[in-house]
Amino acid sequence: MLRFMRLELKKTRFQNYALVFVLAVVLSMLFTAVSLHDTSAKAHTLREAFRVIEMVFAFVFVILFSVLNASVIISEYTNKTIRVMFTYPAGRKQIILAKLLLITALVASFLLAGYAVCGTYLVCMNERFHWTADTFQPALLTYMISRAFATTVVFCALGLWTFTAGMWKKSVPAAITSSVLFIYIRQIAVASTAAYEENIWLILAAVLIAFGGVWYTLEHKISDID
């Protein structure tokens with residue numbers, strides 16, 4: 001498994017996607033600053049500001065996950081180059097799973113690094129310019145860390161949903177367009193909670209659906225090469 005992941009890492013040049021990470025960080029900083037300067041709204045808190053970062057990351061990184069699914073996995077089916085991969089001395093499930101794990105690890109790393117950068121930016125700028133009605137407290141750090149890990153799990157799960165959607169008919173457009181739908185579903189689910197954030201049940205549901213979709217795809221869809 002690790003050998004195939006290293007091979008894919010060399011072949012795909014994932015470092016080219018670092019620009020997307022930079023874009024996500026810059027957009028999050030910009031949207032946070034703009035939202036906190038909206039004087040028509042009530043006094044903001046640091047938790048509300050952190051949720052702005054989550055919203056930007058949802059759009060950028062779930063779509064990025066779908067693009068990686070499309071370019072690294074699904075396009076190999078549409079171009080028929082997957083036949084070459086399947087000649088390697090390994091099972092087909094192992095090859096596809098190695099690609100999927102590499103994509104998941106990359107996006108999760110980008111997400112956690114982005115949260116670290118944007119969270120630090122938010123706290124430092126708030127200390128300097130007093131953007132919110134509250135100030136930094138140790139409890140906020142615990143909140144930010146827990147939210148960073150929770151949303152990273154959810155966003156990667158949504159990314160895995162796009163893998164299943166795209167592999168259903170080996171469609172690159174389906175993988176990418178489904179990401180927007182899944183982001184919208186996530187926003188509706190979050191808006192239905194009192195805290196306006198994922199609870200443990202929403203997180204578990206997202207993960208279970210993702211695992212179920214990946215399992216079904218590996219069992220029934222990866223050998224279909226039209």
# chains A, B, ... in the order shown; residues from 1 in each chain; ligands from 1
call {"tool": "residues_around", "arguments": {"residues": "region 65-78 of chain A", "least_positions_apart": "5", "cutoff": "7 Å", "atoms": "only C-alpha atoms", "output": "list in words"}}
result
Ile103, Val107, Gly159, Thr162, Phe163, Gly166, Met167, Lys170, Ser171, Val172, Ala175, Ile176, Ser179 and Ile225 of chain A
call {"tool": "write_last_selection", "arguments": {"atoms": "N, CA, C and O atoms", "output": "PDB file, in the first residue's frame"}}
result
ATOM      1  N   ILE A 103      -5.032  11.058  -1.326  1.00  0.00           N
ATOM      2  CA  ILE A 103      -5.836  12.270  -1.487  1.00  0.00           C
ATOM      3  C   ILE A 103      -6.366  12.736  -0.133  1.00  0.00           C
ATOM      4  O   ILE A 103      -6.300  13.929   0.206  1.00  0.00           O
ATOM      5  N   VAL A 107      -5.488  16.402   1.686  1.00  0.00           N
ATOM      6  CA  VAL A 107      -6.511  17.396   2.008  1.00  0.00           C
ATOM      7  C   VAL A 107      -6.596  17.615   3.519  1.00  0.00           C
ATOM      8  O   VAL A 107      -6.720  18.751   3.980  1.00  0.00           O
ATOM      9  N   GLY A 159     -15.668  14.705   0.882  1.00  0.00           N
ATOM     10  CA  GLY A 159     -14.816  14.441  -0.267  1.00  0.00           C
ATOM     11  C   GLY A 159     -14.917  12.996  -0.725  1.00  0.00           C
ATOM     12  O   GLY A 159     -14.922  12.713  -1.930  1.00  0.00           O
ATOM     13  N   THR A 162     -17.889  12.439  -2.829  1.00  0.00           N
ATOM     14  CA  THR A 162     -17.730  12.812  -4.245  1.00  0.00           C
ATOM     15  C   THR A 162     -17.028  11.705  -5.026  1.00  0.00           C
ATOM     16  O   THR A 162     -17.264  11.553  -6.229  1.00  0.00           O
ATOM     17  N   PHE A 163     -16.171  10.953  -4.346  1.00  0.00           N
ATOM     18  CA  PHE A 163     -15.541   9.793  -4.990  1.00  0.00           C
ATOM     19  C   PHE A 163     -16.603   8.791  -5.412  1.00  0.00           C
ATOM     20  O   PHE A 163     -16.604   8.300  -6.551  1.00  0.00           O
ATOM     21  N   GLY A 166     -18.737  10.217  -8.320  1.00  0.00           N
ATOM     22  CA  GLY A 166     -18.039  10.222  -9.594  1.00  0.00           C
ATOM     23  C   GLY A 166     -17.809   8.841 -10.163  1.00  0.00           C
ATOM     24  O   GLY A 166     -17.875   8.635 -11.377  1.00  0.00           O
ATOM     25  N   MET A 167     -17.547   7.881  -9.282  1.00  0.00           N
ATOM     26  CA  MET A 167     -17.270   6.519  -9.734  1.00  0.00           C
ATOM     27  C   MET A 167     -18.526   5.771 -10.149  1.00  0.00           C
ATOM     28  O   MET A 167     -18.441   4.722 -10.776  1.00  0.00           O
ATOM     29  N   LYS A 170     -18.363   6.742 -13.635  1.00  0.00           N
ATOM     30  CA  LYS A 170     -17.016   7.143 -14.071  1.00  0.00           C
ATOM     31  C   LYS A 170     -17.074   8.520 -14.730  1.00  0.00           C
ATOM     32  O   LYS A 170     -16.573   8.752 -15.829  1.00  0.00           O
ATOM     33  N   SER A 171     -17.686   9.473 -14.001  1.00  0.00           N
ATOM     34  CA  SER A 171     -17.933  10.802 -14.546  1.00  0.00           C
ATOM     35  C   SER A 171     -17.168  11.861 -13.765  1.00  0.00           C
ATOM     36  O   SER A 171     -17.401  12.050 -12.558  1.00  0.00           O
ATOM     37  N   VAL A 172     -16.270  12.565 -14.447  1.00  0.00           N
ATOM     38  CA  VAL A 172     -15.541  13.669 -13.822  1.00  0.00           C
ATOM     39  C   VAL A 172     -16.487  14.813 -13.438  1.00  0.00           C
ATOM     40  O   VAL A 172     -16.428  15.320 -12.312  1.00  0.00           O
ATOM     41  N   ALA A 175     -18.406  14.041 -10.204  1.00  0.00           N
ATOM     42  CA  ALA A 175     -17.598  14.139  -8.982  1.00  0.00           C
ATOM     43  C   ALA A 175     -17.480  15.584  -8.518  1.00  0.00           C
ATOM     44  O   ALA A 175     -17.630  15.884  -7.325  1.00  0.00           O
ATOM     45  N   ILE A 176     -17.224  16.484  -9.464  1.00  0.00           N
ATOM     46  CA  ILE A 176     -16.988  17.883  -9.093  1.00  0.00           C
ATOM     47  C   ILE A 176     -18.284  18.602  -8.744  1.00  0.00           C
ATOM     48  O   ILE A 176     -18.360  19.313  -7.733  1.00  0.00           O
ATOM     49  N   SER A 179     -19.816  17.878  -5.322  1.00  0.00           N
ATOM     50  CA  SER A 179     -19.180  18.507  -4.160  1.00  0.00           C
ATOM     51  C   SER A 179     -19.963  19.732  -3.709  1.00  0.00           C
ATOM     52  O   SER A 179     -20.120  19.970  -2.506  1.00  0.00           O
ATOM     53  N   ILE A 225     -14.652  -1.059 -16.546  1.00  0.00           N
ATOM     54  CA  ILE A 225     -13.855  -0.215 -17.436  1.00  0.00           C
ATOM     55  C   ILE A 225     -14.524  -0.227 -18.797  1.00  0.00           C
ATOM     56  O   ILE A 225     -14.349  -1.147 -19.595  1.00  0.00           O
TER      57      ILE A 225
END
call {"tool": "closest_residue", "arguments": {"among": "A:Phe110, A:Trp201, A:Phe86, A:Trp131", "to": "His44 (chain A)", "atoms": "only C-alpha atoms"}}
result
A:Trp131
call {"tool": "atom_distance", "arguments": {"atom1": "CA of Thr217 (chain A)", "atom2": "CA of Thr164 (chain A)"}}
result
6.2 Å
call {"tool": "residues_around", "arguments": {"residues": "Leu158 (chain A)", "least_positions_apart": "3", "cutoff": "8 Å", "atoms": "only C-alpha atoms", "output": "VMD selection string"}}
result
chain A and resid 62 154 to 155 161 to 162 179 182 to 183 206 210
call {"tool": "atom_distance", "arguments": {"atom1": "CA of Leu141 (chain A)", "atom2": "CA of Ala18 (chain A)"}}
result
26.1 Å
call {"tool": "closest_residue", "arguments": {"among": "A:Leu160, A:Leu19, A:Val214, A:Ala116", "to": "Val60 (chain A)", "atoms": "only C-alpha atoms"}}
result
A:Leu19
call {"tool": "decode", "arguments": {"residues": "region 79-151 of chain A", "atoms": "C-alpha atoms", "output": "mmCIF file, in the first residue's frame"}}
result
data_model
loop_
_atom_site.group_PDB
_atom_site.id
_atom_site.type_symbol
_atom_site.label_atom_id
_atom_site.label_comp_id
_atom_site.auth_asym_id
_atom_site.auth_seq_id
_atom_site.Cartn_x
_atom_site.Cartn_y
_atom_site.Cartn_z
ATOM 1 C CA ASN A 79 -8.807 7.868 -20.475
ATOM 2 C CA LYS A 80 -8.482 4.074 -20.091
ATOM 3 C CA THR A 81 -5.039 4.497 -18.453
ATOM 4 C CA ILE A 82 -6.331 2.601 -15.433
ATOM 5 C CA ARG A 83 -5.746 -0.588 -17.453
ATOM 6 C CA VAL A 84 -2.004 0.015 -17.102
ATOM 7 C CA MET A 85 -2.326 0.501 -13.341
ATOM 8 C CA PHE A 86 -4.263 -2.742 -13.048
ATOM 9 C CA THR A 87 -1.365 -4.657 -14.578
ATOM 10 C CA TYR A 88 0.711 -3.939 -11.454
ATOM 11 C CA PRO A 89 1.278 -6.915 -9.127
ATOM 12 C CA ALA A 90 -1.397 -5.820 -6.650
ATOM 13 C CA GLY A 91 -5.135 -6.055 -6.228
ATOM 14 C CA ARG A 92 -7.352 -3.460 -7.884
ATOM 15 C CA LYS A 93 -8.896 -2.496 -4.578
ATOM 16 C CA GLN A 94 -5.445 -1.895 -3.121
ATOM 17 C CA ILE A 95 -4.453 0.390 -6.000
ATOM 18 C CA ILE A 96 -7.612 2.532 -5.807
ATOM 19 C CA LEU A 97 -7.528 2.616 -2.022
ATOM 20 C CA ALA A 98 -3.898 3.789 -2.062
ATOM 21 C CA LYS A 99 -4.871 6.694 -4.330
ATOM 22 C CA LEU A 100 -7.843 7.549 -2.142
ATOM 23 C CA LEU A 101 -5.829 7.457 1.091
ATOM 24 C CA LEU A 102 -3.204 9.731 -0.425
ATOM 25 C CA ILE A 103 -5.836 12.270 -1.487
ATOM 26 C CA THR A 104 -7.434 12.143 1.968
ATOM 27 C CA ALA A 105 -4.096 12.612 3.729
ATOM 28 C CA LEU A 106 -3.200 15.575 1.512
ATOM 29 C CA VAL A 107 -6.511 17.396 2.008
ATOM 30 C CA ALA A 108 -6.540 16.680 5.763
ATOM 31 C CA SER A 109 -2.997 18.076 6.050
ATOM 32 C CA PHE A 110 -3.992 21.210 4.137
ATOM 33 C CA LEU A 111 -7.049 21.667 6.347
ATOM 34 C CA LEU A 112 -5.215 21.325 9.654
ATOM 35 C CA ALA A 113 -2.357 23.566 8.529
ATOM 36 C CA GLY A 114 -4.854 26.123 7.263
ATOM 37 C CA TYR A 115 -6.731 26.146 10.547
ATOM 38 C CA ALA A 116 -3.467 26.676 12.431
ATOM 39 C CA VAL A 117 -2.505 29.637 10.240
ATOM 40 C CA CYS A 118 -5.961 31.251 10.140
ATOM 41 C CA GLY A 119 -6.642 30.648 13.827
ATOM 42 C CA THR A 120 -3.369 32.318 14.768
ATOM 43 C CA TYR A 121 -4.135 35.198 12.408
ATOM 44 C CA LEU A 122 -7.591 35.657 13.946
ATOM 45 C CA VAL A 123 -6.364 35.719 17.533
ATOM 46 C CA CYS A 124 -3.385 38.013 16.836
ATOM 47 C CA MET A 125 -5.384 40.502 14.763
ATOM 48 C CA ASN A 126 -8.163 40.559 17.332
ATOM 49 C CA GLU A 127 -5.672 41.311 20.105
ATOM 50 C CA ARG A 128 -4.300 44.183 18.009
ATOM 51 C CA PHE A 129 -7.496 45.680 16.544
ATOM 52 C CA HIS A 130 -10.242 44.385 18.912
ATOM 53 C CA TRP A 131 -12.446 43.021 16.134
ATOM 54 C CA THR A 132 -14.764 41.078 18.452
ATOM 55 C CA ALA A 133 -16.618 41.716 21.678
ATOM 56 C CA ASP A 134 -14.610 39.067 23.504
ATOM 57 C CA THR A 135 -10.916 38.344 23.959
ATOM 58 C CA PHE A 136 -8.840 35.204 23.675
ATOM 59 C CA GLN A 137 -9.248 32.713 26.528
ATOM 60 C CA PRO A 138 -7.635 29.263 26.971
ATOM 61 C CA ALA A 139 -11.046 27.651 26.483
ATOM 62 C CA LEU A 140 -11.156 29.155 22.993
ATOM 63 C CA LEU A 141 -8.001 27.294 22.006
ATOM 64 C CA THR A 142 -9.628 24.010 23.010
ATOM 65 C CA TYR A 143 -12.708 24.959 21.007
ATOM 66 C CA MET A 144 -10.690 25.848 17.903
ATOM 67 C CA ILE A 145 -8.669 22.631 18.032
ATOM 68 C CA SER A 146 -11.763 20.475 18.485
ATOM 69 C CA ARG A 147 -13.584 22.259 15.658
ATOM 70 C CA ALA A 148 -10.550 21.988 13.378
ATOM 71 C CA PHE A 149 -10.397 18.226 13.819
ATOM 72 C CA ALA A 150 -14.181 17.772 13.653
ATOM 73 C CA THR A 151 -14.602 19.728 10.428
#
